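Presented below is the structure to which this report refers.
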Amino acid sequence: MRVICPGSFDPVTHGHLDIVRRAVTLFDEVVVAVGRNSAKNYLFSPDERVAMLTESCSQWPTVRVLGFEGLLVDVCRAEGCSAIVKGLRFPGDFEFELQMAQMNHALTGIETVLLPTAARWAHLSSTMIREVARFGGDVSSFVPATVLERIRAKMAVGPQTKEQS
Ligand code: PNS
């Protein structure tokens, strides 16, 4: 069975990678899809986010990373994915994920599998990592080393421009 793990991944965290790793153990093939949430402003461009995921998932041969625009259900259809896999950190996540799962199911009948995030990563969010990094805080224990380098480089050149969002 081929599944899709979608997200913004701005940047990818150990929490995201724990969900991908567990999806790898549960399903034959995993497509990691780097998307765009129209309500968000991004620090990293789509290409940078795909590159970070590609580097971070290279140890799993059954994982493929791609970027997408538009509806997730259309990517699922195009890539032959039978289910969506997402992580749940806390009850607040559930409300939004349930709504998205129901909408995606209503659109094409695709199922969503929600995996509880490992407790050690439950406090992580890309938004908080960006915030901490922006003010010079240490985010080294929350992201892979390659991602940390990219965050530091991004902070050194200053905040994102509108074109990157
Ligand atoms: O990590 P995020 O920001 O929660 O990821 C959200 C993302 C990009 C996976 C989600 O916004 C998405 O699927 N966007 C594509 C548009 C879509 O299909 N929305 C769901 C139906 S309302």
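Every chain in the structure tokens has a letter given in the order shown (A, B, ...), and although residue numbers restart at 1 in each chain, ligands are simply numbered from 1 in the order shown.
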
Point to revise | Surrounding residues of Ser141 in chain A excluding itself and chain neighbours under 3 positions, 10 Å, only C-alpha atoms, as a PyMOL selection string | key: chain A and resi 13-14+138+144-145+148

Practice item. Going by DSSP on the backbone, which bits of chain A are strand (DSSP E)? Write them as an NGL selection string, please. Key: :A and (2-7 or 29-34 or 63-67 or 83-88 or 111-116)

Check your understanding: What is the distance, in Å and to one decimal place, between atom 21 (C, counted along the ligand's line) of ligand 1 and CA of Thr127 in chain A?
Key ->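 Result for atom 21 (C, counted along the ligand's line) of ligand 1 versus CA of Thr127 in chain A: 20.6 Å, one decimal.
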
Contact table chain A vs ligand 1, cut-off 9 Å, shortest pair per residue, only C-alpha atoms and all ligand atoms, as a tab-separated table:
```
residue	atom	partner	partner_atom_place_in_ligand_line	distance
A:Cys5	CA	ligand 1	9 (C)	8.1
A:Pro6	CA	ligand 1	9 (C)	4.5
A:Gly7	CA	ligand 1	5 (O)	3.5
A:Ser8	CA	ligand 1	1 (O)	3.9
A:Phe9	CA	ligand 1	1 (O)	5.8
A:Asp10	CA	ligand 1	1 (O)	7.8
A:Ala33	CA	ligand 1	9 (C)	7.7
A:Val34	CA	ligand 1	8 (C)	6.6
A:Gly35	CA	ligand 1	8 (C)	4.0
A:Arg36	CA	ligand 1	8 (C)	4.3
A:Asn37	CA	ligand 1	11 (O)	3.9
A:Ser38	CA	ligand 1	11 (O)	7.0
A:Ala39	CA	ligand 1	11 (O)	8.2
A:Lys40	CA	ligand 1	3 (O)	7.3
A:Phe68	CA	ligand 1	15 (C)	8.1
A:Glu69	CA	ligand 1	15 (C)	6.9
A:Gly70	CA	ligand 1	16 (C)	5.5
A:Leu71	CA	ligand 1	18 (O)	3.4
A:Leu72	CA	ligand 1	18 (O)	3.8
A:Val73	CA	ligand 1	18 (O)	6.0
A:Asp74	CA	ligand 1	18 (O)	7.8
A:Val75	CA	ligand 1	18 (O)	8.8
A:Lys86	CA	ligand 1	9 (C)	8.8
A:Phe96	CA	ligand 1	4 (O)	8.9
A:Glu97	CA	ligand 1	4 (O)	8.3
A:Gln99	CA	ligand 1	22 (S)	8.0
A:Met100	CA	ligand 1	22 (S)	5.5
A:Ala101	CA	ligand 1	21 (C)	8.0
A:Gln102	CA	ligand 1	21 (C)	8.8
A:Met103	CA	ligand 1	21 (C)	5.8
A:Asn104	CA	ligand 1	21 (C)	5.7
A:Leu107	CA	ligand 1	21 (C)	8.5
A:Ser126	CA	ligand 1	1 (O)	8.4
```

Writing out the chosen residues with N, CA and C atoms as a short mmCIF file (atom, residue, chain, number, x, y, z; two decimals), in the first residue's frame:
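And here's out-v2.cif as it stands now:
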```
data_model
loop_
_atom_site.label_atom_id
_atom_site.label_comp_id
_atom_site.auth_asym_id
_atom_site.auth_seq_id
_atom_site.Cartn_x
_atom_site.Cartn_y
_atom_site.Cartn_z
N CYS A 5 2.36 11.34 3.11
CA CYS A 5 2.54 12.14 4.33
C CYS A 5 2.68 13.59 3.90
N PRO A 6 1.62 14.37 3.97
CA PRO A 6 1.71 15.75 3.50
C PRO A 6 2.02 16.73 4.63
N GLY A 7 2.56 17.87 4.27
CA GLY A 7 2.80 18.91 5.26
C GLY A 7 3.47 20.09 4.62
N SER A 8 3.63 21.14 5.42
CA SER A 8 4.37 22.32 4.95
C SER A 8 5.86 22.14 5.19
N PHE A 9 6.22 21.52 6.32
CA PHE A 9 7.61 21.19 6.64
C PHE A 9 8.50 22.44 6.54
N ASP A 10 8.16 23.47 7.29
CA ASP A 10 8.87 24.76 7.18
C ASP A 10 9.50 25.17 8.51
N ALA A 33 4.83 14.63 0.75
CA ALA A 33 4.38 15.69 -0.15
C ALA A 33 4.48 17.05 0.54
N VAL A 34 5.30 17.90 -0.02
CA VAL A 34 5.55 19.22 0.55
C VAL A 34 4.58 20.20 -0.10
N GLY A 35 3.61 20.65 0.70
CA GLY A 35 2.54 21.46 0.13
C GLY A 35 2.55 22.88 0.62
N ARG A 36 1.45 23.51 0.34
CA ARG A 36 1.33 24.93 0.66
C ARG A 36 -0.01 25.15 1.34
N ASN A 37 0.07 25.70 2.53
CA ASN A 37 -1.13 26.07 3.26
C ASN A 37 -1.33 27.56 3.00
N SER A 38 -2.44 27.91 2.35
CA SER A 38 -2.60 29.30 1.90
C SER A 38 -2.68 30.28 3.07
N ALA A 39 -2.90 29.76 4.30
CA ALA A 39 -2.98 30.64 5.46
C ALA A 39 -1.59 30.96 6.03
N LYS A 40 -0.54 30.33 5.48
CA LYS A 40 0.78 30.48 6.10
C LYS A 40 1.76 31.26 5.23
N PHE A 68 4.10 19.92 -4.10
CA PHE A 68 2.83 20.02 -4.83
C PHE A 68 2.15 21.36 -4.59
N GLU A 69 1.32 21.69 -5.55
CA GLU A 69 0.45 22.87 -5.45
C GLU A 69 -0.95 22.36 -5.67
N GLY A 70 -1.94 23.04 -5.16
CA GLY A 70 -3.31 22.61 -5.40
C GLY A 70 -3.79 21.67 -4.33
N LEU A 71 -4.78 20.87 -4.70
CA LEU A 71 -5.43 20.01 -3.70
C LEU A 71 -4.64 18.74 -3.42
N LEU A 72 -4.60 18.38 -2.15
CA LEU A 72 -3.91 17.15 -1.75
C LEU A 72 -4.55 15.92 -2.40
N VAL A 73 -5.88 15.91 -2.49
CA VAL A 73 -6.54 14.72 -3.05
C VAL A 73 -6.15 14.50 -4.53
N ASP A 74 -5.84 15.58 -5.25
CA ASP A 74 -5.41 15.43 -6.64
C ASP A 74 -4.03 14.79 -6.72
N VAL A 75 -3.14 15.17 -5.77
CA VAL A 75 -1.81 14.54 -5.74
C VAL A 75 -1.95 13.07 -5.37
N LYS A 86 -1.04 11.41 8.85
CA LYS A 86 -0.63 12.65 9.52
C LYS A 86 -0.42 12.39 11.01
N PHE A 96 -8.60 20.27 13.78
CA PHE A 96 -8.30 20.69 12.42
C PHE A 96 -8.08 19.48 11.51
N GLU A 97 -7.35 18.50 12.01
CA GLU A 97 -7.05 17.31 11.19
C GLU A 97 -8.33 16.53 10.87
N GLN A 99 -11.31 17.79 10.52
CA GLN A 99 -12.03 18.55 9.50
C GLN A 99 -11.40 18.32 8.12
N MET A 100 -10.06 18.36 8.07
CA MET A 100 -9.39 18.13 6.77
C MET A 100 -9.62 16.71 6.28
N ALA A 101 -9.56 15.75 7.22
CA ALA A 101 -9.77 14.35 6.84
C ALA A 101 -11.18 14.17 6.28
N GLN A 102 -12.14 14.81 6.91
CA GLN A 102 -13.53 14.69 6.45
C GLN A 102 -13.72 15.34 5.09
N MET A 103 -13.08 16.50 4.89
CA MET A 103 -13.19 17.17 3.59
C MET A 103 -12.53 16.32 2.51
N ASN A 104 -11.33 15.81 2.79
CA ASN A 104 -10.64 15.00 1.79
C ASN A 104 -11.43 13.73 1.47
N LEU A 107 -14.30 14.60 -0.75
CA LEU A 107 -13.90 14.92 -2.13
C LEU A 107 -13.68 13.68 -2.98
N SER A 126 6.92 23.59 13.67
CA SER A 126 7.82 24.36 12.80
C SER A 126 7.73 25.85 13.14
#
```

Report as a tab-separated table (two decimals) with N, CA, C and O atoms, in the first residue's frame all protein, DNA and RNA residues lying within 10 Å of Thr54 in chain A, evaluated on only C-alpha atoms, omitting residues in the same chain fewer than 2 positions from it.
```tsv
chain	number	residue	atom	x	y	z
A	32	VAL	N	6.24	11.58	0.55
A	32	VAL	CA	6.22	12.76	1.42
A	32	VAL	C	5.95	13.96	0.52
A	32	VAL	O	6.72	14.25	-0.41
A	48	GLU	N	13.46	24.60	-1.32
A	48	GLU	CA	14.29	24.38	-0.12
A	48	GLU	C	13.64	23.35	0.80
A	48	GLU	O	14.33	22.49	1.38
A	49	ARG	N	12.32	23.41	0.92
A	49	ARG	CA	11.64	22.47	1.80
A	49	ARG	C	11.70	21.04	1.23
A	49	ARG	O	11.93	20.08	1.96
A	50	VAL	N	11.57	20.92	-0.09
A	50	VAL	CA	11.71	19.60	-0.72
A	50	VAL	C	13.14	19.09	-0.52
A	50	VAL	O	13.35	17.91	-0.18
A	51	ALA	N	14.13	19.97	-0.67
A	51	ALA	CA	15.53	19.56	-0.51
A	51	ALA	C	15.80	19.08	0.92
A	51	ALA	O	16.46	18.05	1.13
A	52	MET	N	15.25	19.79	1.91
A	52	MET	CA	15.45	19.39	3.31
A	52	MET	C	14.85	18.01	3.59
A	52	MET	O	15.44	17.19	4.28
A	56	SER	N	16.71	14.53	4.54
A	56	SER	CA	16.35	13.93	5.83
A	56	SER	C	15.74	12.54	5.70
A	56	SER	O	15.74	11.77	6.66
A	57	CYS	N	15.19	12.22	4.53
A	57	CYS	CA	14.52	10.91	4.35
A	57	CYS	C	15.38	9.94	3.55
A	57	CYS	O	14.92	8.85	3.19
A	58	SER	N	16.64	10.32	3.27
A	58	SER	CA	17.45	9.50	2.35
A	58	SER	C	17.74	8.10	2.90
A	58	SER	O	18.06	7.20	2.14
A	59	GLN	N	17.60	7.91	4.22
A	59	GLN	CA	17.88	6.58	4.78
A	59	GLN	C	16.75	5.59	4.55
A	59	GLN	O	16.91	4.41	4.83
A	63	VAL	N	10.76	5.76	0.61
A	63	VAL	CA	10.20	7.11	0.70
A	63	VAL	C	10.59	7.92	-0.53
A	63	VAL	O	11.74	7.90	-0.96
A	64	ARG	N	9.61	8.63	-1.08
A	64	ARG	CA	9.85	9.54	-2.19
A	64	ARG	C	9.31	10.91	-1.78
A	64	ARG	O	8.23	10.98	-1.18
A	65	VAL	N	10.06	11.95	-2.11
A	65	VAL	CA	9.65	13.30	-1.70
A	65	VAL	C	9.28	14.11	-2.95
A	65	VAL	O	9.98	14.05	-3.95
A	66	LEU	N	8.18	14.83	-2.86
A	66	LEU	CA	7.81	15.71	-3.97
A	66	LEU	C	7.12	16.97	-3.44
A	66	LEU	O	6.62	16.99	-2.31
```

Check your understanding: Could you pull the residues within 7 Å of Leu114 in chain A, counting only C-alpha atoms, minus those fewer than 4 positions along the same chain, as a list in words?
Key ->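 Selected residues are Val85, Lys86, Gly87 and Leu88 of chain A.
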
Dump N, CA and C atoms for the selected residues as a PDB file, in the first residue's frame?
```pdb
ATOM      1  N   VAL A  85      -1.427   9.998   5.705  1.00  0.00           N
ATOM      2  CA  VAL A  85      -0.948   9.758   7.073  1.00  0.00           C
ATOM      3  C   VAL A  85      -0.501  11.093   7.660  1.00  0.00           C
ATOM      4  N   LYS A  86      -1.038  11.409   8.846  1.00  0.00           N
ATOM      5  CA  LYS A  86      -0.631  12.648   9.518  1.00  0.00           C
ATOM      6  C   LYS A  86      -0.418  12.389  11.005  1.00  0.00           C
ATOM      7  N   GLY A  87       0.370  13.251  11.634  1.00  0.00           N
ATOM      8  CA  GLY A  87       0.637  13.117  13.065  1.00  0.00           C
ATOM      9  C   GLY A  87      -0.297  14.001  13.877  1.00  0.00           C
ATOM     10  N   LEU A  88      -0.585  13.549  15.084  1.00  0.00           N
ATOM     11  CA  LEU A  88      -1.424  14.322  16.023  1.00  0.00           C
ATOM     12  C   LEU A  88      -0.612  14.591  17.273  1.00  0.00           C
TER      13      LEU A  88
END
```

Practice item. Could you jot down the CA of Arg134 in chain A to CA of Thr117 in chain A separation for me, Å, one decimal place? Key: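 Separating CA of Arg134 in chain A from CA of Thr117 in chain A is a distance of 25.2 Å.
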
Review point. Of the candidates A:Gly15, A:Pro46, A:Gly109, A:Gly92, which shows the shortest atom-to-atom distance to Trp121 in chain A, using only C-alpha atoms?
Key: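 That would be A:Gly15, the residue with the smallest distance to Trp121 in chain A.
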
Exercise for review: Rank nothing, just name the residue among A:Leu43, A:Leu98, A:Ala106, A:Phe142 nearest to Val157 in chain A, using only C-alpha atoms.
Suggested key: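 Using only C-alpha atoms, Val157 in chain A sits closest to A:Leu43.
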
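Excluding Glu111 in chain A and any residue on its chain fewer than 4 positions from it, the residues at most 7 Å away by only C-alpha atoms are Ala83, Ile84 and His105 of chain A.
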
Convert the current residue selection to file output with all heavy atoms, as a CSV table (one decimal), in the first residue's frame.
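After the write, again_4.csv holds the following:
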```csv
chain,number,residue,atom,x,y,z
A,83,ALA,N,-4.0,6.3,1.0
A,83,ALA,CA,-4.4,6.9,2.3
A,83,ALA,C,-3.4,8.1,2.6
A,83,ALA,O,-2.3,8.1,2.1
A,83,ALA,CB,-4.4,5.9,3.4
A,84,ILE,N,-3.9,9.0,3.5
A,84,ILE,CA,-3.1,10.1,4.0
A,84,ILE,C,-2.7,9.8,5.4
A,84,ILE,O,-3.5,9.3,6.2
A,84,ILE,CB,-4.0,11.4,3.9
A,84,ILE,CG1,-4.5,11.7,2.5
A,84,ILE,CG2,-3.3,12.6,4.6
A,84,ILE,CD1,-5.6,12.7,2.5
A,105,HIS,N,-12.1,13.2,2.5
A,105,HIS,CA,-12.9,12.0,2.3
A,105,HIS,C,-14.1,12.3,1.4
A,105,HIS,O,-14.5,11.6,0.5
A,105,HIS,CB,-13.3,11.3,3.6
A,105,HIS,CG,-14.0,10.0,3.5
A,105,HIS,ND1,-15.3,9.9,3.4
A,105,HIS,CD2,-13.4,8.8,3.3
A,105,HIS,CE1,-15.6,8.6,3.2
A,105,HIS,NE2,-14.5,7.9,3.2
```

Practice item. Please report, as a PyMOL selection string, each residue of chain A to which DSSP assigns helix (DSSP H, G or I) when run on this structure's backbone. Key: chain A and resi 14-26+46-56+72-79+91-108+119-121+126-134+145-157+162-164
